[in-house]
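> What follows is the file my_file-v6.tsv, containing TSV, N, CA and C atoms:
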chain	number	residue	atom	x	y	z
A	1	MET	N	0.85	-1.16	0.00
A	1	MET	CA	0.00	0.00	0.00
A	1	MET	C	0.90	1.23	0.00
A	2	THR	N	0.57	2.18	-0.82
A	2	THR	CA	1.37	3.40	-0.91
A	2	THR	C	0.93	4.39	0.17
A	3	VAL	N	1.78	5.38	0.41
A	3	VAL	CA	1.48	6.41	1.39
A	3	VAL	C	0.29	7.25	0.93
A	4	ARG	N	0.23	7.48	-0.38
A	4	ARG	CA	-0.88	8.25	-0.93
A	4	ARG	C	-2.20	7.52	-0.72
A	5	ARG	N	-2.23	6.24	-0.93
A	5	ARG	CA	-3.45	5.44	-0.74
A	5	ARG	C	-3.86	5.44	0.74
A	6	LEU	N	-2.88	5.35	1.65
A	6	LEU	CA	-3.17	5.37	3.08
A	6	LEU	C	-3.76	6.74	3.48
A	7	ARG	N	-3.18	7.82	2.94
A	7	ARG	CA	-3.69	9.16	3.24
A	7	ARG	C	-5.12	9.31	2.73
A	8	VAL	N	-5.45	8.79	1.57
A	8	VAL	CA	-6.81	8.86	1.02
A	8	VAL	C	-7.77	8.08	1.90
A	9	LEU	N	-7.34	6.91	2.35
A	9	LEU	CA	-8.21	6.10	3.21
A	9	LEU	C	-8.45	6.79	4.56
A	10	ILE	N	-7.42	7.39	5.14
A	10	ILE	CA	-7.58	8.07	6.43
A	10	ILE	C	-8.44	9.31	6.29
A	11	SER	N	-8.26	10.06	5.21
A	11	SER	CA	-9.07	11.26	5.02
A	11	SER	C	-10.53	10.92	4.74
A	12	GLY	N	-10.80	9.71	4.29
A	12	GLY	CA	-12.16	9.29	4.02
A	12	GLY	C	-12.88	8.71	5.23
A	13	LEU	N	-12.21	8.66	6.38
A	13	LEU	CA	-12.85	8.15	7.59
A	13	LEU	C	-14.00	9.07	7.99
A	14	PRO	N	-15.05	8.51	8.59
A	14	PRO	CA	-16.17	9.37	9.03
A	14	PRO	C	-15.73	10.30	10.16
A	15	SER	N	-16.47	11.38	10.33
A	15	SER	CA	-16.09	12.40	11.32
A	15	SER	C	-16.18	11.90	12.75
A	16	ASP	N	-16.92	10.81	13.00
A	16	ASP	CA	-17.01	10.29	14.36
A	16	ASP	C	-16.05	9.13	14.61
A	17	SER	N	-15.07	8.95	13.72
A	17	SER	CA	-14.08	7.90	13.93
A	17	SER	C	-13.13	8.29	15.05
A	18	LEU	N	-12.47	7.32	15.65
A	18	LEU	CA	-11.55	7.58	16.74
A	18	LEU	C	-10.40	8.49	16.30
A	19	TYR	N	-9.87	8.26	15.09
A	19	TYR	CA	-8.76	9.06	14.59
A	19	TYR	C	-9.15	10.54	14.49
A	20	LYS	N	-10.29	10.83	13.86
A	20	LYS	CA	-10.69	12.22	13.67
A	20	LYS	C	-11.11	12.87	14.98
A	21	SER	N	-11.69	12.11	15.90
A	21	SER	CA	-12.04	12.70	17.18
A	21	SER	C	-10.79	13.08	17.96
A	22	LYS	N	-9.74	12.27	17.91
A	22	LYS	CA	-8.47	12.63	18.55
A	22	LYS	C	-7.84	13.83	17.83
A	23	LEU	N	-7.98	13.88	16.52
A	23	LEU	CA	-7.42	14.97	15.74
A	23	LEU	C	-8.05	16.30	16.12
A	24	TYR	N	-9.37	16.30	16.39
A	24	TYR	CA	-10.09	17.52	16.73
A	24	TYR	C	-10.16	17.75	18.24
A	25	GLY	N	-9.57	16.88	19.04
A	25	GLY	CA	-9.49	17.09	20.49
A	25	GLY	C	-10.74	16.72	21.25
A	26	ILE	N	-11.57	15.83	20.73
A	26	ILE	CA	-12.76	15.40	21.44
A	26	ILE	C	-12.34	14.42	22.54
A	27	ALA	N	-12.87	14.63	23.74
A	27	ALA	CA	-12.41	13.87	24.91
A	27	ALA	C	-13.36	12.72	25.25
A	28	ASN	N	-12.82	11.75	25.95
A	28	ASN	CA	-13.57	10.66	26.57
A	28	ASN	C	-14.47	9.89	25.61
A	29	GLY	N	-14.06	9.75	24.40
A	29	GLY	CA	-14.83	8.95	23.44
A	29	GLY	C	-16.18	9.54	23.09
A	30	GLN	N	-16.41	10.82	23.34
A	30	GLN	CA	-17.68	11.46	23.00
A	30	GLN	C	-17.62	11.90	21.55
A	31	ARG	N	-17.72	10.96	20.66
A	31	ARG	CA	-17.58	11.27	19.24
A	31	ARG	C	-18.96	11.49	18.63
A	32	TRP	N	-19.07	12.53	17.86
A	32	TRP	CA	-20.31	12.83	17.16
A	32	TRP	C	-20.04	12.84	15.67
A	33	GLY	N	-20.97	12.30	14.94
A	33	GLY	CA	-20.92	12.38	13.49
A	33	GLY	C	-21.72	13.58	13.02
A	34	LEU	N	-21.79	13.74	11.73
A	34	LEU	CA	-22.55	14.84	11.15
A	34	LEU	C	-24.02	14.75	11.51
A	35	ARG	N	-24.57	13.55	11.50
A	35	ARG	CA	-25.98	13.36	11.82
A	35	ARG	C	-26.28	13.82	13.25
A	36	ASP	N	-25.42	13.46	14.20
A	36	ASP	CA	-25.63	13.85	15.59
A	36	ASP	C	-25.56	15.37	15.75
A	37	SER	N	-24.61	15.99	15.09
A	37	SER	CA	-24.48	17.45	15.16
A	37	SER	C	-25.70	18.14	14.57
A	38	LEU	N	-26.18	17.66	13.43
A	38	LEU	CA	-27.36	18.26	12.81
A	38	LEU	C	-28.60	18.08	13.67
A	39	LEU	N	-28.76	16.92	14.30
A	39	LEU	CA	-29.92	16.71	15.18
A	39	LEU	C	-29.86	17.61	16.41
A	40	ALA	N	-28.68	17.81	16.97
A	40	ALA	CA	-28.55	18.70	18.12
A	40	ALA	C	-28.87	20.14	17.72
A	41	ASN	N	-28.41	20.57	16.54
A	41	ASN	CA	-28.72	21.92	16.05
A	41	ASN	C	-30.22	22.07	15.80
A	42	MET	N	-30.86	21.04	15.25
A	42	MET	CA	-32.31	21.09	15.04
A	42	MET	C	-33.04	21.20	16.38
A	43	HIS	N	-32.57	20.47	17.39
A	43	HIS	CA	-33.18	20.55	18.71
A	43	HIS	C	-33.09	21.98	19.25
A	44	ASP	N	-31.92	22.58	19.13
A	44	ASP	CA	-31.75	23.94	19.64
A	44	ASP	C	-32.62	24.94	18.88
A	45	LEU	N	-32.76	24.76	17.57
A	45	LEU	CA	-33.62	25.65	16.79
A	45	LEU	C	-35.09	25.48	17.18
A	46	LEU	N	-35.52	24.24	17.44
A	46	LEU	CA	-36.91	24.02	17.86
A	46	LEU	C	-37.17	24.63	19.23
A	47	VAL	N	-36.20	24.56	20.12
A	47	VAL	CA	-36.34	25.18	21.44
A	47	VAL	C	-36.48	26.69	21.28
A	48	ALA	N	-35.67	27.29	20.41
A	48	ALA	CA	-35.76	28.73	20.17
A	48	ALA	C	-37.11	29.10	19.55
A	49	HIS	N	-37.58	28.28	18.61
A	49	HIS	CA	-38.88	28.52	17.98
A	49	HIS	C	-40.00	28.42	19.01
A	50	PHE	N	-39.91	27.44	19.90
A	50	PHE	CA	-40.90	27.30	20.96
A	50	PHE	C	-40.92	28.54	21.84
A	51	GLY	N	-39.74	29.07	22.16
A	51	GLY	CA	-39.67	30.27	23.00
A	51	GLY	C	-40.33	31.46	22.35
A	52	VAL	N	-40.10	31.63	21.04
A	52	VAL	CA	-40.71	32.75	20.32
A	52	VAL	C	-42.23	32.58	20.26
A	53	ALA	N	-42.69	31.37	19.99
A	53	ALA	CA	-44.13	31.12	19.93
A	53	ALA	C	-44.78	31.30	21.30
A	54	TYR	N	-44.10	30.87	22.35
A	54	TYR	CA	-44.63	31.00	23.71
A	54	TYR	C	-44.81	32.47	24.08
A	55	VAL	N	-43.82	33.30	23.75
A	55	VAL	CA	-43.91	34.73	24.05
A	55	VAL	C	-45.03	35.36	23.22
A	56	GLY	N	-45.16	34.94	21.97
A	56	GLY	CA	-46.19	35.51	21.11
A	56	GLY	C	-47.59	35.19	21.58
A	57	VAL	N	-47.80	34.04	22.17
A	57	VAL	CA	-49.13	33.63	22.60
A	57	VAL	C	-49.44	34.12	24.01
A	58	THR	N	-48.51	33.95	24.93
A	58	THR	CA	-48.80	34.24	26.33
A	58	THR	C	-48.31	35.61	26.80
A	59	HIS	N	-47.43	36.27	26.04
A	59	HIS	CA	-46.83	37.54	26.43
A	59	HIS	C	-46.08	37.44	27.75
A	60	LYS	N	-45.53	36.26	28.04
A	60	LYS	CA	-44.72	36.01	29.24
A	60	LYS	C	-43.38	35.44	28.82
A	61	GLN	N	-42.44	35.45	29.76
A	61	GLN	CA	-41.13	34.84	29.49
A	61	GLN	C	-41.31	33.33	29.32
A	62	PRO	N	-40.65	32.74	28.33
A	62	PRO	CA	-40.76	31.29	28.16
A	62	PRO	C	-40.00	30.55	29.25
A	63	PRO	N	-40.40	29.30	29.52
A	63	PRO	CA	-39.65	28.52	30.51
A	63	PRO	C	-38.24	28.25	30.02
A	64	LYS	N	-37.31	28.09	30.94
A	64	LYS	CA	-35.91	27.85	30.60
A	64	LYS	C	-35.75	26.41	30.14
A	65	ILE	N	-35.30	26.24	28.90
A	65	ILE	CA	-35.00	24.93	28.35
A	65	ILE	C	-33.55	24.96	27.90
A	66	ASP	N	-32.76	24.04	28.43
A	66	ASP	CA	-31.34	24.01	28.10
A	66	ASP	C	-31.11	23.54	26.68
A	67	THR	N	-29.99	23.98	26.10
A	67	THR	CA	-29.61	23.51	24.78
A	67	THR	C	-29.11	22.07	24.90
A	68	PHE	N	-29.03	21.39	23.80
A	68	PHE	CA	-28.59	20.01	23.81
A	68	PHE	C	-27.10	19.97	24.14
A	69	PRO	N	-26.68	19.14	25.09
A	69	PRO	CA	-25.25	19.13	25.47
A	69	PRO	C	-24.37	18.63	24.34
A	70	ARG	N	-23.26	19.31	24.16
A	70	ARG	CA	-22.29	18.95	23.12
A	70	ARG	C	-21.14	18.17	23.75
A	71	PRO	N	-20.39	17.42	22.95
A	71	PRO	CA	-19.22	16.72	23.49
A	71	PRO	C	-18.18	17.72	23.99
A	72	GLU	N	-17.43	17.31	25.01
A	72	GLU	CA	-16.40	18.18	25.57
A	72	GLU	C	-15.08	17.93	24.87
A	73	THR	N	-14.34	19.01	24.65
A	73	THR	CA	-13.01	18.88	24.07
A	73	THR	C	-11.99	18.82	25.20
A	74	GLU	N	-10.76	18.52	24.86
A	74	GLU	CA	-9.69	18.47	25.85
A	74	GLU	C	-9.51	19.83	26.51
A	75	ALA	N	-9.65	20.91	25.74
A	75	ALA	CA	-9.51	22.26	26.29
A	75	ALA	C	-10.61	22.54	27.32
A	76	ASP	N	-11.84	22.06	27.06
A	76	ASP	CA	-12.93	22.24	28.03
A	76	ASP	C	-12.61	21.53	29.33
A	77	LEU	N	-12.08	20.32	29.24
A	77	LEU	CA	-11.75	19.57	30.45
A	77	LEU	C	-10.64	20.24	31.24
A	78	GLU	N	-9.63	20.79	30.54
A	78	GLU	CA	-8.55	21.49	31.22
A	78	GLU	C	-9.08	22.75	31.90
A	79	ARG	N	-9.96	23.49	31.23
A	79	ARG	CA	-10.54	24.70	31.80
A	79	ARG	C	-11.35	24.37	33.05
A	80	LYS	N	-12.11	23.28	33.01
A	80	LYS	CA	-12.90	22.87	34.17
A	80	LYS	C	-12.00	22.48	35.33
A	81	ALA	N	-10.88	21.82	35.04
A	81	ALA	CA	-9.95	21.42	36.10
A	81	ALA	C	-9.34	22.65	36.77
A	82	VAL	N	-8.98	23.67	35.98
A	82	VAL	CA	-8.41	24.91	36.53
A	82	VAL	C	-9.45	25.62	37.40
A	83	GLU	N	-10.70	25.69	36.93
A	83	GLU	CA	-11.76	26.33	37.71
A	83	GLU	C	-12.00	25.58	39.02
A	84	ALA	N	-11.98	24.25	38.98
A	84	ALA	CA	-12.19	23.46	40.19
A	84	ALA	C	-11.06	23.72	41.19
A	85	GLU	N	-9.82	23.83	40.71
A	85	GLU	CA	-8.69	24.12	41.59
A	85	GLU	C	-8.84	25.50	42.22
A	86	LYS	N	-9.25	26.50	41.43
A	86	LYS	CA	-9.44	27.85	41.97
A	86	LYS	C	-10.54	27.86	43.01
A	87	ASN	N	-11.65	27.16	42.74
A	87	ASN	CA	-12.75	27.10	43.70
A	87	ASN	C	-12.32	26.41	44.99
A	88	ALA	N	-11.52	25.36	44.89
A	88	ALA	CA	-11.04	24.65	46.07
A	88	ALA	C	-10.17	25.56	46.92
A	89	ARG	N	-9.28	26.33	46.27
A	89	ARG	CA	-8.43	27.26	47.02
A	89	ARG	C	-9.25	28.36	47.68
A	90	ALA	N	-10.28	28.86	46.99
A	90	ALA	CA	-11.14	29.89	47.57
A	90	ALA	C	-11.92	29.35	48.77
A	91	GLU	N	-12.41	28.12	48.66
A	91	GLU	CA	-13.13	27.53	49.79
A	91	GLU	C	-12.21	27.32	50.98
A	92	ASP	N	-10.97	26.91	50.73
A	92	ASP	CA	-10.01	26.76	51.82
A	92	ASP	C	-9.75	28.10	52.51
A	93	TYR	N	-9.61	29.16	51.72
A	93	TYR	CA	-9.36	30.49	52.27
A	93	TYR	C	-10.55	30.95	53.10
A	94	LEU	N	-11.78	30.73	52.58
A	94	LEU	CA	-12.97	31.12	53.33
A	94	LEU	C	-13.09	30.33	54.62
A	95	GLU	N	-12.70	29.07	54.59
A	95	GLU	CA	-12.74	28.26	55.80
A	95	GLU	C	-11.76	28.80	56.84
A	96	LEU	N	-10.57	29.22	56.39
A	96	LEU	CA	-9.61	29.83	57.31
A	96	LEU	C	-10.16	31.13	57.89
A	97	LEU	N	-10.80	31.93	57.06
A	97	LEU	CA	-11.37	33.19	57.54
A	97	LEU	C	-12.47	32.93	58.57
A	98	SER	N	-13.35	31.99	58.28
A	98	SER	CA	-14.47	31.74	59.19
A	98	SER	C	-14.02	31.10	60.49
A	99	SER	N	-12.91	30.37	60.49
A	99	SER	CA	-12.43	29.73	61.71
A	99	SER	C	-11.69	30.71	62.61
A	100	GLY	N	-11.36	31.88	62.08
A	100	GLY	CA	-10.66	32.88	62.87
A	100	GLY	C	-9.15	32.74	62.82
A	101	ALA	N	-8.65	31.83	62.02
A	101	ALA	CA	-7.21	31.62	61.94
A	101	ALA	C	-6.51	32.82	61.33
A	102	LEU	N	-7.22	33.60	60.55
A	102	LEU	CA	-6.61	34.77	59.91
A	102	LEU	C	-7.08	36.07	60.55
A	103	ALA	N	-7.56	36.00	61.77
A	103	ALA	CA	-8.04	37.21	62.45
A	103	ALA	C	-6.88	38.19	62.61
A	104	GLY	N	-7.12	39.43	62.33
A	104	GLY	CA	-6.09	40.45	62.44
A	104	GLY	C	-5.28	40.63	61.17
A	105	GLN	N	-5.40	39.69	60.24
A	105	GLN	CA	-4.71	39.84	58.96
A	105	GLN	C	-5.67	40.45	57.97
A	106	GLN	N	-5.13	41.24	57.07
A	106	GLN	CA	-5.96	41.86	56.04
A	106	GLN	C	-6.01	40.95	54.83
A	107	ALA	N	-7.18	40.84	54.23
A	107	ALA	CA	-7.34	40.02	53.04
A	107	ALA	C	-6.50	40.60	51.91
A	108	PRO	N	-5.89	39.76	51.08
A	108	PRO	CA	-5.06	40.29	49.99
A	108	PRO	C	-5.88	41.08	48.99
A	109	GLY	N	-5.32	42.19	48.57
A	109	GLY	CA	-5.98	43.00	47.54
A	109	GLY	C	-7.05	43.92	48.07
A	110	THR	N	-7.18	44.07	49.41
A	110	THR	CA	-8.23	44.92	49.95
A	110	THR	C	-7.67	46.13	50.69
A	111	SER	N	-6.43	46.49	50.43
A	111	SER	CA	-5.82	47.60	51.16
A	111	SER	C	-6.48	48.93	50.84
A	112	ASP	N	-7.12	49.06	49.69
A	112	ASP	CA	-7.74	50.33	49.33
A	112	ASP	C	-9.25	50.32	49.60
A	113	TRP	N	-9.72	49.41	50.46
A	113	TRP	CA	-11.14	49.30	50.78
A	113	TRP	C	-11.36	49.78	52.21
A	114	VAL	N	-12.50	50.42	52.46
A	114	VAL	CA	-12.88	50.85	53.80
A	114	VAL	C	-14.27	50.32	54.07
A	115	ASP	N	-14.41	49.49	55.09
A	115	ASP	CA	-15.70	48.89	55.46
A	115	ASP	C	-16.36	48.18	54.27
A	116	GLY	N	-15.59	47.46	53.49
A	116	GLY	CA	-16.13	46.70	52.37
A	116	GLY	C	-16.47	47.51	51.15
A	117	ILE	N	-16.10	48.79	51.14
A	117	ILE	CA	-16.40	49.67	50.00
A	117	ILE	C	-15.08	50.22	49.48
A	118	PRO	N	-14.89	50.27	48.17
A	118	PRO	CA	-13.65	50.85	47.65
A	118	PRO	C	-13.49	52.29	48.14
A	119	ALA	N	-12.27	52.62	48.58
A	119	ALA	CA	-12.01	53.96	49.10
A	119	ALA	C	-12.21	55.02	48.02
A	120	GLU	N	-11.72	54.76	46.84
A	120	GLU	CA	-11.89	55.70	45.74
A	120	GLU	C	-12.64	55.01	44.63
A	121	ARG	N	-13.83	55.46	44.37
A	121	ARG	CA	-14.63	54.85	43.31
A	121	ARG	C	-14.26	55.47	41.97
A	122	PRO	N	-14.20	54.66	40.93
A	122	PRO	CA	-13.92	55.23	39.61
A	122	PRO	C	-15.10	56.08	39.16
A	123	PRO	N	-14.86	57.06	38.31
A	123	PRO	CA	-15.97	57.91	37.86
A	123	PRO	C	-16.98	57.10	37.04
A	124	LEU	N	-18.25	57.46	37.20
A	124	LEU	CA	-19.31	56.79	36.46
A	124	LEU	C	-19.35	57.33	35.03
A	125	PRO	N	-19.81	56.53	34.08
A	125	PRO	CA	-19.93	57.02	32.71
A	125	PRO	C	-20.90	58.19	32.63
A	126	SER	N	-20.75	59.03	31.62
A	126	SER	CA	-21.63	60.19	31.49
A	126	SER	C	-23.05	59.71	31.27
A	127	GLY	N	-24.00	60.44	31.86
A	127	GLY	CA	-25.40	60.06	31.77
A	127	GLY	C	-25.81	59.09	32.84
A	128	THR	N	-24.92	58.77	33.79
A	128	THR	CA	-25.21	57.84	34.87
A	128	THR	C	-25.00	58.56	36.18
A	129	GLU	N	-25.94	58.39	37.12
A	129	GLU	CA	-25.79	59.03	38.42
A	129	GLU	C	-25.90	57.99	39.51
A	130	GLN	N	-25.28	58.25	40.64
A	130	GLN	CA	-25.28	57.34	41.79
A	130	GLN	C	-26.57	57.51	42.57
A	131	LEU	N	-27.25	56.40	42.89
A	131	LEU	CA	-28.44	56.46	43.75
A	131	LEU	C	-27.97	56.56	45.19
A	132	PRO	N	-28.55	57.46	46.00
A	132	PRO	CA	-28.02	57.68	47.34
A	132	PRO	C	-28.19	56.50	48.30
A	133	GLU	N	-29.38	55.89	48.42
A	133	GLU	CA	-29.60	54.88	49.44
A	133	GLU	C	-29.12	53.50	49.02
A	134	ALA	N	-29.53	53.05	47.86
A	134	ALA	CA	-29.30	51.66	47.46
A	134	ALA	C	-27.88	51.40	47.00
A	135	GLY	N	-27.16	52.42	46.61
A	135	GLY	CA	-25.81	52.22	46.11
A	135	GLY	C	-25.78	51.78	44.65
A	136	GLY	N	-26.94	51.76	44.00
A	136	GLY	CA	-27.00	51.37	42.60
A	136	GLY	C	-26.83	52.57	41.69
A	137	THR	N	-27.04	52.38	40.42
A	137	THR	CA	-26.92	53.48	39.46
A	137	THR	C	-28.15	53.54	38.61
A	138	THR	N	-28.36	54.68	38.01
A	138	THR	CA	-29.45	54.86	37.06
A	138	THR	C	-28.93	55.67	35.89
A	139	THR	N	-29.52	55.48	34.74
A	139	THR	CA	-29.12	56.26	33.57
A	139	THR	C	-30.14	57.34	33.31
A	140	THR	N	-29.67	58.45	32.79
A	140	THR	CA	-30.58	59.57	32.51
A	140	THR	C	-30.59	59.84	31.03
Turn the structure described in the file into structure tokens.

Amino acid sequence: MTVRRLRVLISGLPSDSLYKSKLYGIANGQRWGLRDSLLANMHDLLVAHFGVAYVGVTHKQPPKIDTFPRPETEADLERKAVEAEKNARAEDYLELLSSGALAGQQAPGTSDWVDGIPAERPPLPSGTEQLPEAGGTTTT
């Protein structure tokens, strides 16, 4: 078998083959073919159509319907692992704060805060004013 023939055979593999899923970074064997992708897109379009029809008939917000879950790529899994590590570190820090182990120490990055409020607030965009009681903003 020639190299050219092998390349033609590999390029002719279906999109949900193991080789192409590894090539595109699909993780954990969650391989989708063209048919699966088209069906998921049709599901999402029908959900959107239902939402528009629901608003048109009832004049209310439609119920929340999630989109069809897609396969995860390796990058998605790495991003989730980093977020989980950050959340774990934040929970550990909060546990130390609540136990009193860090009493008397100032939280990092809060040196310019007074009573939980930034000491110097950045200027608001033009056309926006500060509400006195609630601390919110309004546009004029």
> Give me, as a list in words, all polymer residues having an atom no more than 12 Å from Met42 of chain A, counting only C-alpha atoms and skipping those fewer than 6 positions away in the same chain.
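Here the answer would be Arg35, Asp36, Ala48, His49, Thr67 and Phe68 of chain A.
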> For Pro14 of chain A, work out the shell of residues within 8 Å, counting only C-alpha atoms and skipping chain neighbours fewer than 3 positions away, then give it as JSON, numbers by chain.
{"A": [17, 20, 33]}
> Work out how far atom N of Tyr19 of chain A is from atom CA of Trp32 of chain A, in Å to one decimal.
11.6 Å
> Suppose you want the space between atom N of Pro69 of chain A and atom CA of Leu46 of chain A; what is it in Å?
13.4 Å
> Hey, can you check how far atom CA of Ala53 of chain A sits from atom CA of Asn41 of chain A?
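Result for atom CA of Ala53 of chain A versus atom CA of Asn41 of chain A: 18.4 Å, one decimal.
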> Using the file's own x, y and z axes, so that the box edges lie along x, y and z, what centre and edge lengths in Å (one decimal) does a box around every listed atom of segment 10-21 of chain A get when 8 Å is added on each side? Give it as JSON.

{"center_x": -12.2, "center_y": 10.2, "center_z": 11.0, "size_x": 25.6, "size_y": 21.8, "size_z": 29.9}
